[in-house]
$ cat coords.json   # JSON, C-alpha atoms and all ligand atoms
[["chain", "number", "residue", "atom", "x", "y", "z"],
["A", 1302, "MET", "CA", 94.46, 94.56, 167.81],
["A", 1303, "ILE", "CA", 94.67, 97.04, 164.93],
["A", 1304, "PRO", "CA", 98.33, 97.56, 163.97],
["A", 1305, "ARG", "CA", 99.65, 101.06, 164.56],
["A", 1306, "ARG", "CA", 101.44, 102.53, 161.57],
["A", 1307, "VAL", "CA", 102.84, 105.95, 160.75],
["A", 1308, "ALA", "CA", 103.98, 106.73, 157.21],
["A", 1309, "LEU", "CA", 106.51, 109.54, 157.49],
["A", 1310, "LYS", "CA", 106.25, 112.09, 154.67],
["A", 1311, "VAL", "CA", 109.28, 114.38, 154.56],
["A", 1312, "ASP", "CA", 108.67, 117.69, 152.77],
["A", 1313, "CYS", "CA", 111.87, 119.47, 151.73],
["A", 1314, "ASP", "CA", 111.00, 123.09, 150.96],
["A", 1315, "THR", "CA", 114.33, 124.94, 150.97],
["A", 1316, "ALA", "CA", 118.02, 124.68, 150.03],
["A", 1317, "GLU", "CA", 119.11, 124.82, 153.66],
["A", 1318, "GLY", "CA", 116.64, 122.14, 154.68],
["A", 1319, "THR", "CA", 117.60, 119.85, 151.82],
["A", 1320, "ARG", "CA", 121.37, 120.30, 152.17],
["A", 1321, "ASP", "CA", 121.58, 120.11, 155.98],
["A", 1322, "GLY", "CA", 118.27, 118.71, 157.21],
["A", 1323, "VAL", "CA", 118.06, 115.69, 154.87],
["A", 1324, "PRO", "CA", 121.42, 114.15, 155.94],
["A", 1325, "ARG", "CA", 120.43, 114.64, 159.57],
["A", 1326, "LEU", "CA", 117.08, 112.91, 159.01],
["A", 1327, "LEU", "CA", 118.77, 110.09, 157.10],
["A", 1328, "ALA", "CA", 121.02, 109.47, 160.11],
["A", 1329, "ILE", "CA", 118.01, 109.57, 162.47],
["A", 1330, "PHE", "CA", 116.13, 107.05, 160.31],
["A", 1331, "ALA", "CA", 119.16, 104.78, 159.74],
["A", 1332, "ALA", "CA", 119.80, 104.55, 163.48],
["A", 1333, "ARG", "CA", 116.25, 103.26, 163.94],
["A", 1334, "GLY", "CA", 115.76, 101.15, 160.82],
["A", 1335, "ILE", "CA", 112.95, 103.46, 159.64],
["A", 1336, "ARG", "CA", 112.12, 104.16, 156.01],
["A", 1337, "ALA", "CA", 110.26, 107.29, 154.95],
["A", 1338, "THR", "CA", 109.06, 109.14, 151.85],
["A", 1339, "PHE", "CA", 110.94, 112.30, 150.81],
["A", 1340, "PHE", "CA", 109.44, 114.98, 148.58],
["A", 1341, "PHE", "CA", 111.88, 117.51, 147.11],
["A", 1342, "THR", "CA", 111.30, 121.09, 145.98],
["A", 1343, "LEU", "CA", 113.55, 121.35, 142.92],
["A", 1344, "GLY", "CA", 113.53, 124.96, 141.67],
["A", 1345, "PRO", "CA", 114.35, 128.35, 143.21],
["A", 1346, "ASP", "CA", 114.38, 128.67, 146.99],
["A", 1347, "ARG", "CA", 112.44, 131.89, 147.49],
["A", 1348, "SER", "CA", 111.37, 130.90, 150.99],
["A", 1349, "GLY", "CA", 112.39, 134.32, 152.29],
["A", 1350, "LEU", "CA", 109.31, 135.63, 150.52],
["A", 1351, "ALA", "CA", 107.32, 133.80, 153.17],
["A", 1352, "VAL", "CA", 108.40, 136.67, 155.41],
["A", 1353, "ARG", "CA", 105.95, 138.90, 153.57],
["A", 1354, "ARG", "CA", 103.09, 136.78, 154.93],
["A", 1355, "VAL", "CA", 103.88, 138.38, 158.26],
["A", 1356, "PHE", "CA", 102.35, 141.54, 156.84],
["A", 1357, "THR", "CA", 99.64, 140.10, 154.65],
["A", 1358, "GLN", "CA", 98.09, 137.17, 156.50],
["A", 1359, "LYS", "CA", 96.05, 137.37, 159.63],
["A", 1360, "GLY", "CA", 97.45, 135.23, 162.41],
["A", 1361, "PHE", "CA", 100.81, 134.61, 160.79],
["A", 1362, "LEU", "CA", 102.76, 137.15, 162.83],
["A", 1363, "ARG", "CA", 101.38, 135.74, 166.06],
["A", 1364, "LYS", "CA", 102.31, 132.25, 164.94],
["A", 1365, "MET", "CA", 105.81, 133.38, 163.94],
["A", 1366, "LEU", "CA", 106.36, 134.98, 167.33],
["A", 1367, "ARG", "CA", 104.95, 132.08, 169.30],
["A", 1368, "SER", "CA", 106.87, 129.46, 167.35],
["A", 1369, "ARG", "CA", 109.97, 131.69, 167.23],
["A", 1370, "ALA", "CA", 110.18, 131.08, 163.48],
["A", 1371, "PRO", "CA", 113.71, 132.51, 163.03],
["A", 1372, "SER", "CA", 115.11, 129.92, 165.42],
["A", 1373, "LEU", "CA", 112.85, 127.26, 163.92],
["A", 1374, "TYR", "CA", 113.74, 127.92, 160.29],
["A", 1375, "GLY", "CA", 117.02, 129.90, 160.52],
["A", 1376, "TRP", "CA", 117.59, 133.47, 159.32],
["A", 1377, "ARG", "CA", 119.21, 132.36, 156.06],
["A", 1378, "THR", "CA", 116.03, 130.53, 155.04],
["A", 1379, "MET", "CA", 113.89, 133.46, 156.21],
["A", 1380, "LEU", "CA", 115.80, 135.87, 153.97],
["A", 1381, "SER", "CA", 116.42, 133.54, 151.03],
["A", 1382, "GLY", "CA", 115.18, 134.99, 147.74],
["A", 1383, "THR", "CA", 114.68, 138.40, 149.29],
["A", 1384, "LEU", "CA", 117.98, 139.91, 150.46],
["A", 1385, "LEU", "CA", 119.96, 136.84, 149.40],
["A", 1386, "PRO", "CA", 119.73, 135.45, 145.84],
["A", 1387, "ALA", "CA", 117.45, 132.45, 145.39],
["A", 1388, "PRO", "CA", 119.52, 129.24, 145.06],
["A", 1389, "MET", "CA", 118.30, 126.51, 142.71],
["A", 1390, "ILE", "CA", 117.64, 123.60, 145.06],
["A", 1391, "GLY", "CA", 118.05, 120.87, 142.43],
["A", 1392, "GLU", "CA", 121.50, 122.24, 141.58],
["A", 1393, "CYS", "CA", 122.82, 122.82, 145.06],
["A", 1394, "CYS", "CA", 121.40, 119.77, 146.78],
["A", 1395, "ALA", "CA", 121.22, 116.90, 144.28],
["A", 1396, "GLU", "CA", 123.61, 114.75, 146.28],
["A", 1397, "ALA", "CA", 121.52, 114.98, 149.46],
["A", 1398, "MET", "CA", 118.46, 114.00, 147.39],
["A", 1399, "ARG", "CA", 120.17, 110.97, 145.84],
["A", 1400, "SER", "CA", 121.43, 109.83, 149.23],
["A", 1401, "ALA", "CA", 117.82, 109.50, 150.42],
["A", 1402, "ALA", "CA", 117.02, 107.18, 147.50],
["A", 1403, "ARG", "CA", 120.23, 105.19, 148.07],
["A", 1404, "ALA", "CA", 119.20, 104.62, 151.69],
["A", 1405, "GLY", "CA", 115.98, 102.93, 150.54],
["A", 1406, "HIS", "CA", 113.54, 105.77, 151.09],
["A", 1407, "ASP", "CA", 110.81, 106.74, 148.63],
["A", 1408, "THR", "CA", 111.52, 109.96, 146.74],
["A", 1409, "GLY", "CA", 109.20, 112.25, 144.80],
["A", 1410, "VAL", "CA", 108.47, 115.78, 143.64],
["A", 1411, "HIS", "CA", 107.42, 118.64, 145.97],
["A", 1412, "GLY", "CA", 107.09, 121.28, 143.27],
["A", 1413, "TRP", "CA", 109.37, 123.66, 141.42],
["A", 1414, "ASP", "CA", 108.81, 127.06, 143.07],
["A", 1415, "HIS", "CA", 107.29, 126.25, 146.48],
["A", 1416, "VAL", "CA", 106.47, 129.84, 147.45],
["A", 1417, "ARG", "CA", 104.82, 130.72, 144.14],
["A", 1418, "TRP", "CA", 102.70, 127.53, 144.11],
["A", 1419, "HIS", "CA", 101.65, 127.92, 147.72],
["A", 1420, "ASP", "CA", 100.75, 131.60, 147.41],
["A", 1421, "ARG", "CA", 99.47, 131.81, 143.86],
["A", 1422, "LEU", "CA", 98.20, 128.47, 142.58],
["A", 1423, "ASP", "CA", 94.65, 129.78, 142.31],
["A", 1424, "THR", "CA", 95.68, 132.63, 140.02],
["A", 1425, "MET", "CA", 97.97, 130.51, 137.83],
["A", 1426, "THR", "CA", 96.62, 129.41, 134.44],
["A", 1427, "ALA", "CA", 96.48, 125.73, 133.46],
["A", 1428, "GLU", "CA", 99.51, 126.36, 131.25],
["A", 1429, "GLU", "CA", 101.49, 127.98, 134.08],
["A", 1430, "VAL", "CA", 100.63, 125.12, 136.43],
["A", 1431, "ARG", "CA", 101.64, 122.51, 133.87],
["A", 1432, "GLU", "CA", 104.91, 124.33, 133.17],
["A", 1433, "ASP", "CA", 105.81, 124.67, 136.87],
["A", 1434, "TYR", "CA", 104.97, 121.06, 137.60],
["A", 1435, "GLY", "CA", 106.73, 119.86, 134.43],
["A", 1436, "ARG", "CA", 109.94, 121.70, 135.34],
["A", 1437, "ALA", "CA", 110.00, 119.95, 138.70],
["A", 1438, "HIS", "CA", 109.59, 116.56, 137.05],
["A", 1439, "ALA", "CA", 112.28, 117.33, 134.44],
["A", 1440, "GLU", "CA", 114.71, 118.31, 137.18],
["A", 1441, "TYR", "CA", 113.85, 115.18, 139.17],
["A", 1442, "LEU", "CA", 114.56, 113.07, 136.07],
["A", 1443, "ARG", "CA", 117.92, 114.83, 135.60],
["A", 1444, "ILE", "CA", 118.93, 114.16, 139.20],
["A", 1445, "PHE", "CA", 117.63, 110.62, 139.67],
["A", 1446, "GLY", "CA", 117.79, 109.29, 136.11],
["A", 1447, "ILE", "CA", 114.24, 107.93, 136.35],
["A", 1448, "PRO", "CA", 110.84, 109.69, 136.27],
["A", 1449, "ALA", "CA", 109.19, 110.54, 139.60],
["A", 1450, "ARG", "CA", 106.35, 108.15, 140.48],
["A", 1451, "MET", "CA", 104.86, 110.29, 143.26],
["A", 1452, "SER", "CA", 104.39, 113.94, 144.17],
["A", 1453, "ALA", "CA", 103.19, 116.13, 147.02],
["A", 1454, "ALA", "CA", 101.79, 119.62, 146.44],
["A", 1455, "PRO", "CA", 103.59, 122.51, 148.17],
["A", 1456, "GLY", "CA", 101.58, 123.74, 151.16],
["A", 1457, "TRP", "CA", 98.89, 121.08, 150.52],
["A", 1458, "THR", "CA", 97.60, 123.39, 147.80],
["A", 1459, "ALA", "CA", 95.80, 121.69, 144.92],
["A", 1460, "ASN", "CA", 93.02, 122.47, 142.45],
["A", 1461, "ALA", "CA", 91.56, 121.05, 139.24],
["A", 1462, "ARG", "CA", 94.45, 122.49, 137.19],
["A", 1463, "SER", "CA", 97.12, 120.93, 139.36],
["A", 1464, "LEU", "CA", 95.33, 117.57, 139.42],
["A", 1465, "GLU", "CA", 95.12, 117.76, 135.64],
["A", 1466, "ALA", "CA", 98.86, 118.38, 135.30],
["A", 1467, "GLN", "CA", 99.47, 115.52, 137.72],
["A", 1468, "GLU", "CA", 97.19, 113.12, 135.85],
["A", 1469, "GLU", "CA", 99.33, 113.40, 132.71],
["A", 1470, "ARG", "CA", 102.33, 111.99, 134.60],
["A", 1471, "GLY", "CA", 100.83, 108.58, 135.39],
["A", 1472, "LEU", "CA", 101.90, 108.68, 139.03],
["A", 1473, "VAL", "CA", 101.35, 105.81, 141.45],
["A", 1474, "PHE", "CA", 99.87, 108.27, 143.92],
["A", 1475, "ALA", "CA", 99.99, 111.86, 145.12],
["A", 1476, "SER", "CA", 99.83, 113.29, 148.63],
["A", 1477, "ASP", "CA", 98.42, 116.79, 148.21],
["A", 1478, "THR", "CA", 95.77, 117.10, 150.91],
["A", 1479, "ARG", "CA", 95.05, 117.09, 154.64],
["A", 1480, "GLY", "CA", 92.69, 114.88, 156.62],
["A", 1481, "GLY", "CA", 90.82, 111.63, 156.17],
["A", 1482, "SER", "CA", 91.80, 108.50, 154.31],
["A", 1483, "TYR", "CA", 92.74, 107.81, 150.67],
["A", 1484, "PHE", "CA", 90.48, 108.70, 147.73],
["A", 1485, "PHE", "CA", 90.26, 109.64, 144.06],
["A", 1486, "PRO", "CA", 89.76, 113.42, 143.89],
["A", 1487, "ARG", "CA", 86.92, 115.18, 142.12],
["A", 1488, "ALA", "CA", 87.29, 118.82, 141.10],
["A", 1489, "ASP", "CA", 85.41, 121.05, 138.62],
["A", 1490, "GLY", "CA", 83.12, 118.10, 137.84],
["A", 1491, "ARG", "CA", 85.96, 115.81, 136.82],
["A", 1492, "VAL", "CA", 87.10, 112.67, 138.65],
["A", 1493, "PHE", "CA", 90.85, 112.13, 138.58],
["A", 1494, "ARG", "CA", 92.53, 108.74, 138.56],
["A", 1495, "THR", "CA", 95.66, 109.54, 140.55],
["A", 1496, "LEU", "CA", 95.25, 108.03, 144.02],
["A", 1497, "GLU", "CA", 95.39, 110.69, 146.75],
["A", 1498, "ILE", "CA", 96.83, 109.74, 150.15],
["A", 1499, "PRO", "CA", 96.26, 112.63, 152.62],
["A", 1500, "THR", "CA", 98.37, 113.71, 155.56],
["A", 1501, "THR", "CA", 96.35, 112.82, 158.66],
["A", 1502, "LEU", "CA", 98.31, 114.05, 161.70],
["A", 1503, "PRO", "CA", 98.96, 117.71, 162.51],
["A", 1504, "THR", "CA", 102.50, 118.87, 161.74],
["A", 1505, "LEU", "CA", 104.97, 119.80, 164.44],
["A", 1506, "ASP", "CA", 105.02, 123.44, 163.35],
["A", 1507, "GLU", "CA", 101.24, 123.47, 163.97],
["A", 1508, "THR", "CA", 101.35, 121.76, 167.38],
["A", 1509, "LEU", "CA", 104.31, 123.82, 168.68],
["A", 1510, "GLY", "CA", 102.09, 126.90, 168.91],
["A", 1511, "ARG", "CA", 99.45, 125.20, 171.04],
["A", 1512, "ASP", "CA", 98.97, 126.55, 174.55],
["A", 1513, "ASP", "CA", 97.91, 123.12, 175.83],
["A", 1514, "LEU", "CA", 101.18, 121.53, 174.65],
["A", 1515, "PRO", "CA", 103.74, 123.92, 176.17],
["A", 1516, "THR", "CA", 106.67, 121.51, 176.67],
["A", 1517, "ASP", "CA", 108.54, 118.90, 174.65],
["A", 1518, "ASP", "CA", 107.10, 116.22, 176.96],
["A", 1519, "ALA", "CA", 103.57, 117.43, 176.20],
["A", 1520, "GLN", "CA", 104.32, 117.43, 172.47],
["A", 1521, "ARG", "CA", 105.68, 113.88, 172.70],
["A", 1522, "ALA", "CA", 102.64, 112.68, 174.65],
["A", 1523, "PHE", "CA", 100.35, 114.22, 172.02],
["A", 1524, "PHE", "CA", 102.01, 112.43, 169.09],
["A", 1525, "ARG", "CA", 102.32, 109.17, 171.02],
["A", 1526, "GLU", "CA", 98.56, 109.15, 171.62],
["A", 1527, "ALA", "CA", 97.78, 110.26, 168.04],
["A", 1528, "ALA", "CA", 99.45, 107.25, 166.37],
["A", 1529, "ARG", "CA", 96.34, 105.05, 166.16],
["A", 1530, "GLY", "CA", 95.54, 102.84, 163.17],
["A", 1531, "THR", "CA", 97.33, 104.02, 160.03],
["A", 1532, "GLN", "CA", 98.45, 107.64, 159.98],
["A", 1533, "VAL", "CA", 100.41, 109.83, 157.54],
["A", 1534, "HIS", "CA", 102.65, 112.35, 159.28],
["A", 1535, "THR", "CA", 104.30, 115.20, 157.37],
["A", 1536, "ILE", "CA", 107.59, 116.49, 158.74],
["A", 1537, "HIS", "CA", 109.82, 119.21, 157.31],
["A", 1538, "ALA", "CA", 113.54, 118.87, 156.61],
["A", 1539, "GLU", "CA", 113.78, 122.50, 157.78],
["A", 1540, "VAL", "CA", 112.26, 121.74, 161.20],
["A", 1541, "GLU", "CA", 112.62, 118.10, 162.28],
["A", 1542, "GLY", "CA", 115.94, 117.87, 160.40],
["A", 1543, "ARG", "CA", 117.34, 120.93, 162.14],
["A", 1544, "SER", "CA", 116.23, 122.80, 165.28],
["A", 1545, "LYS", "CA", 113.61, 120.23, 166.32],
["A", 1546, "ALA", "CA", 115.62, 117.08, 165.53],
["A", 1547, "GLY", "CA", 115.92, 116.17, 169.22],
["A", 1548, "LEU", "CA", 112.18, 116.42, 169.83],
["A", 1549, "PHE", "CA", 111.51, 114.44, 166.66],
["A", 1550, "GLU", "CA", 113.86, 111.67, 167.80],
["A", 1551, "GLY", "CA", 111.92, 111.51, 171.06],
["A", 1552, "ILE", "CA", 108.62, 111.19, 169.18],
["A", 1553, "LEU", "CA", 110.07, 108.38, 167.01],
["A", 1554, "ASP", "CA", 111.46, 106.55, 170.03],
["A", 1555, "ASP", "CA", 108.06, 106.68, 171.78],
["A", 1556, "TRP", "CA", 106.42, 105.23, 168.69],
["A", 1557, "LEU", "CA", 109.07, 102.50, 168.36],
["A", 1558, "ALA", "CA", 108.58, 101.60, 172.03],
["A", 1559, "ASP", "CA", 104.85, 101.21, 171.29],
["A", 1560, "GLY", "CA", 105.49, 98.90, 168.33],
["A", 1561, "VAL", "CA", 104.46, 101.43, 165.66],
["A", 1562, "ALA", "CA", 105.52, 100.39, 162.11],
["A", 1563, "PHE", "CA", 106.73, 102.87, 159.48],
["A", 1564, "PRO", "CA", 105.54, 101.96, 155.97],
["A", 1565, "ARG", "CA", 106.64, 104.10, 153.03],
["A", 1566, "LEU", "CA", 103.82, 105.85, 151.19],
["A", 1567, "SER", "CA", 104.39, 103.65, 148.12],
["A", 1568, "GLU", "CA", 103.68, 100.60, 150.30],
["A", 1569, "LEU", "CA", 100.40, 102.13, 151.51],
["A", 1570, "ALA", "CA", 99.53, 103.00, 147.90],
["A", 1571, "ARG", "CA", 100.16, 99.45, 146.70],
["A", 1572, "GLU", "CA", 97.98, 98.09, 149.48],
["A", 1573, "VAL", "CA", 95.12, 100.48, 148.64],
["A", 1574, "LEU", "CA", 95.36, 100.02, 144.86],
["A", 1575, "ALA", "CA", 95.09, 96.26, 145.25],
["A", 1576, "HIS", "CA", 91.43, 96.95, 146.11],
["A", 1577, "HIS", "CA", 90.88, 99.57, 143.44],
["A", 1578, "GLU", "CA", 87.08, 99.22, 143.42],
["A", 1579, "ALA", "CA", 86.90, 100.10, 147.12],
["A", 1580, "ILE", "CA", 88.59, 103.50, 146.72],
["A", 1581, "PRO", "CA", 86.04, 106.30, 147.25],
["A", 1582, "VAL", "CA", 85.74, 109.46, 145.16],
["A", 1583, "ARG", "CA", 85.75, 112.71, 147.13],
["A", 1584, "SER", "CA", 85.39, 116.33, 146.10],
["A", 1585, "ILE", "CA", 88.27, 118.53, 147.16],
["A", 1586, "SER", "CA", 87.77, 121.84, 148.91],
["A", 1587, "GLN", "CA", 89.83, 124.36, 150.86],
["A", 1588, "THR", "CA", 89.82, 124.49, 154.64],
["A", 1589, "ALA", "CA", 91.65, 126.21, 157.51],
["A", 1590, "LEU", "CA", 93.62, 124.19, 160.07],
["A", 1591, "PRO", "CA", 94.40, 125.10, 163.69],
["A", 1592, "GLY", "CA", 97.89, 126.55, 164.00],
["A", 1593, "ARG", "CA", 98.38, 127.10, 160.25],
["A", 1594, "ALA", "CA", 97.97, 130.36, 158.33],
["A", 1595, "GLY", "CA", 95.89, 130.35, 155.15],
["A", 1596, "VAL", "CA", 94.03, 127.34, 153.81],
["A", 1597, "VAL", "CA", 94.88, 123.80, 152.69],
["A", 1598, "THR", "CA", 93.18, 121.41, 150.31],
["A", 1599, "THR", "CA", 91.14, 118.57, 151.77],
["A", 1600, "GLY", "CA", 88.87, 115.74, 150.69],
["A", 1601, "TRP", "CA", 87.42, 115.71, 154.19],
["A", 1602, "PRO", "CA", 84.79, 115.89, 155.54],
["A", 1603, "GLU", "CA", 83.20, 113.69, 152.96],
["A", 1604, "THR", "CA", 80.06, 115.14, 151.47],
["A", 1605, "PRO", "CA", 77.79, 112.07, 151.07],
["A", 1606, "ALA", "CA", 75.49, 113.76, 148.56],
["A", 1607, "GLN", "CA", 78.38, 114.13, 146.12],
["A", 1608, "ALA", "CA", 80.54, 111.12, 146.91],
["B", 1, "ZN", "ZN", 106.43, 122.16, 151.57]]

$ encode --input "coords.json" --output "structure tokens"
Amino acid sequence: MIPRRVALKVDCDTAEGTRDGVPRLLAIFAARGIRATFFFTLGPDRSGLAVRRVFTQKGFLRKMLRSRAPSLYGWRTMLSGTLLPAPMIGECCAEAMRSAARAGHDTGVHGWDHVRWHDRLDTMTAEEVREDYGRAHAEYLRIFGIPARMSAAPGWTANARSLEAQEERGLVFASDTRGGSYFFPRADGRVFRTLEIPTTLPTLDETLGRDDLPTDDAQRAFFREAARGTQVHTIHAEVEGRSKAGLFEGILDDWLADGVAFPRLSELAREVLAHHEAIPVRSISQTALPGRAGVVTTGWPETPAQA
């Protein structure tokens, strides 16, 4: 029988999520003997700017209303960086970040300015990308005392310039994309040597809007069924660590009852890199996902002619 494994990737996008959601998730994991991989946004929390997507992106308002975003994310997060000043997450929440590392979880970088990267990466110059990414790594080094060995792009948004900035850091791996299994990314004709481990399962904020999954029980049944083979599941400190913590605990308990194991992403990376020659090269592209506004970066579906 193929072992069932779910690597939990915890994206921390905001001050509120990092300060309050991370300790809650640490308690949830500790109670179950689970280890995960946390990625921290380290610069200004301008998440309130996401509110403007309500007016600029098709489908976002409907999603906000259906998912009841204010109750999902909290009004403070919704307004942060707009009506309220933008807190610096690395300054306000360093202790919560360190406590994740102390508890034996993987930790890495989830960008400097999450909103800017997510919304504007394609218009940022190589120099701007390198500066943004470098600031996040410098702040991580200040907080943890050692360089970050892994990173995850905000909003699964990557391009040749971001992969280039990443390559200079000598990371063990990155987790920037959605769908499919691990690969070395190709972009703008260049093949990069930082292993990419994609998120494979849909996120809870995507499945919560689905008409065919109207109840918590239906959501739990969906995730229980989805945990086949090895999966990477992204959760958000702002969601699973706060308003949806109870549902998340139910999902974890179903998986534990089924014998699902929870490797950290660094463990998956080590396993994959041990067979370096078997790692495929895939071109990255942008794609839309059900339940999510805008586009994300993917190495899937594989294009055989190019791979
Ligand atoms: Zn994020």

$ closest_residue --input "coords.json" --among "A:Gln1532, A:Thr1516, A:Ser1476, A:Ser1452" --to "A:Pro1503" --atoms "all atoms listed in the file"
A:Gln1532

$ closest_residue --input "coords.json" --among "A:Ala1466, A:Ala1522, A:Leu1509, A:Ala1579" --to "A:Val1540" --atoms "all atoms listed in the file"
A:Leu1509

$ atom_distance --input "coords.json" --atom1 "atom CA of A:Cys1394" --atom2 "atom CA of A:Gly1551"
27.3 Å

$ closest_atom_pairs --input "coords.json" --of "chain A" --to "ligand ZN 1 (chain B)" --cutoff "12 Å" --atoms "only C-alpha atoms and all ligand atoms" --output "Markdown table"
| residue | atom | partner | partner_atom | distance |
| --- | --- | --- | --- | --- |
| A:Lys1310 | CA | B:ZN1 | ZN | 10.5 |
| A:Val1311 | CA | B:ZN1 | ZN | 8.8 |
| A:Asp1312 | CA | B:ZN1 | ZN | 5.1 |
| A:Cys1313 | CA | B:ZN1 | ZN | 6.1 |
| A:Asp1314 | CA | B:ZN1 | ZN | 4.7 |
| A:Thr1315 | CA | B:ZN1 | ZN | 8.4 |
| A:Ala1316 | CA | B:ZN1 | ZN | 12.0 |
| A:Gly1318 | CA | B:ZN1 | ZN | 10.7 |
| A:Thr1319 | CA | B:ZN1 | ZN | 11.4 |
| A:Phe1339 | CA | B:ZN1 | ZN | 10.9 |
| A:Phe1340 | CA | B:ZN1 | ZN | 8.3 |
| A:Phe1341 | CA | B:ZN1 | ZN | 8.4 |
| A:Thr1342 | CA | B:ZN1 | ZN | 7.5 |
| A:Leu1343 | CA | B:ZN1 | ZN | 11.2 |
| A:Asp1346 | CA | B:ZN1 | ZN | 11.2 |
| A:Ser1348 | CA | B:ZN1 | ZN | 10.1 |
| A:Ala1351 | CA | B:ZN1 | ZN | 11.8 |
| A:Val1410 | CA | B:ZN1 | ZN | 10.4 |
| A:His1411 | CA | B:ZN1 | ZN | 6.7 |
| A:Gly1412 | CA | B:ZN1 | ZN | 8.4 |
| A:Trp1413 | CA | B:ZN1 | ZN | 10.7 |
| A:Asp1414 | CA | B:ZN1 | ZN | 10.1 |
| A:His1415 | CA | B:ZN1 | ZN | 6.6 |
| A:Val1416 | CA | B:ZN1 | ZN | 8.7 |
| A:Arg1417 | CA | B:ZN1 | ZN | 11.4 |
| A:Trp1418 | CA | B:ZN1 | ZN | 9.9 |
| A:His1419 | CA | B:ZN1 | ZN | 8.4 |
| A:Asp1420 | CA | B:ZN1 | ZN | 11.8 |
| A:Ser1452 | CA | B:ZN1 | ZN | 11.2 |
| A:Ala1453 | CA | B:ZN1 | ZN | 8.2 |
| A:Ala1454 | CA | B:ZN1 | ZN | 7.4 |
| A:Pro1455 | CA | B:ZN1 | ZN | 4.4 |
| A:Gly1456 | CA | B:ZN1 | ZN | 5.1 |
| A:Trp1457 | CA | B:ZN1 | ZN | 7.7 |
| A:Thr1458 | CA | B:ZN1 | ZN | 9.7 |
| A:Ser1476 | CA | B:ZN1 | ZN | 11.4 |
| A:Asp1477 | CA | B:ZN1 | ZN | 10.2 |
| A:Thr1478 | CA | B:ZN1 | ZN | 11.8 |
| A:Thr1504 | CA | B:ZN1 | ZN | 11.4 |
| A:Asp1506 | CA | B:ZN1 | ZN | 11.9 |
| A:Thr1535 | CA | B:ZN1 | ZN | 9.3 |
| A:Ile1536 | CA | B:ZN1 | ZN | 9.2 |
| A:His1537 | CA | B:ZN1 | ZN | 7.3 |
| A:Ala1538 | CA | B:ZN1 | ZN | 9.3 |
| A:Glu1539 | CA | B:ZN1 | ZN | 9.6 |
| A:Val1540 | CA | B:ZN1 | ZN | 11.3 |
| A:Val1597 | CA | B:ZN1 | ZN | 11.7 |

$ atom_distance --input "coords.json" --atom1 "atom CA of A:Pro1345" --atom2 "atom CA of A:Asp1433"
11.3 Å

$ atom_distance --input "coords.json" --atom1 "atom CA of A:Thr1501" --atom2 "atom CA of A:Val1596"
15.5 Å

$ closest_residue --input "coords.json" --among "A:Glu1317, A:Glu1541, A:Glu1468, A:Asp1423" --to "A:Ile1390" --atoms "all atoms listed in the file"
A:Glu1317

$ residues_around --input "coords.json" --residues "A:Ala1404" --least-positions-apart "6" --cutoff "9 Å" --atoms "only C-alpha atoms" --output "number ranges by chain"
A: 1327, 1331, 1336

$ closest_residue --input "coords.json" --among "A:Ala1459, A:Ala1437, A:Ala1449, A:Val1561" --to "A:Thr1424" --atoms "all atoms listed in the file"
A:Ala1459
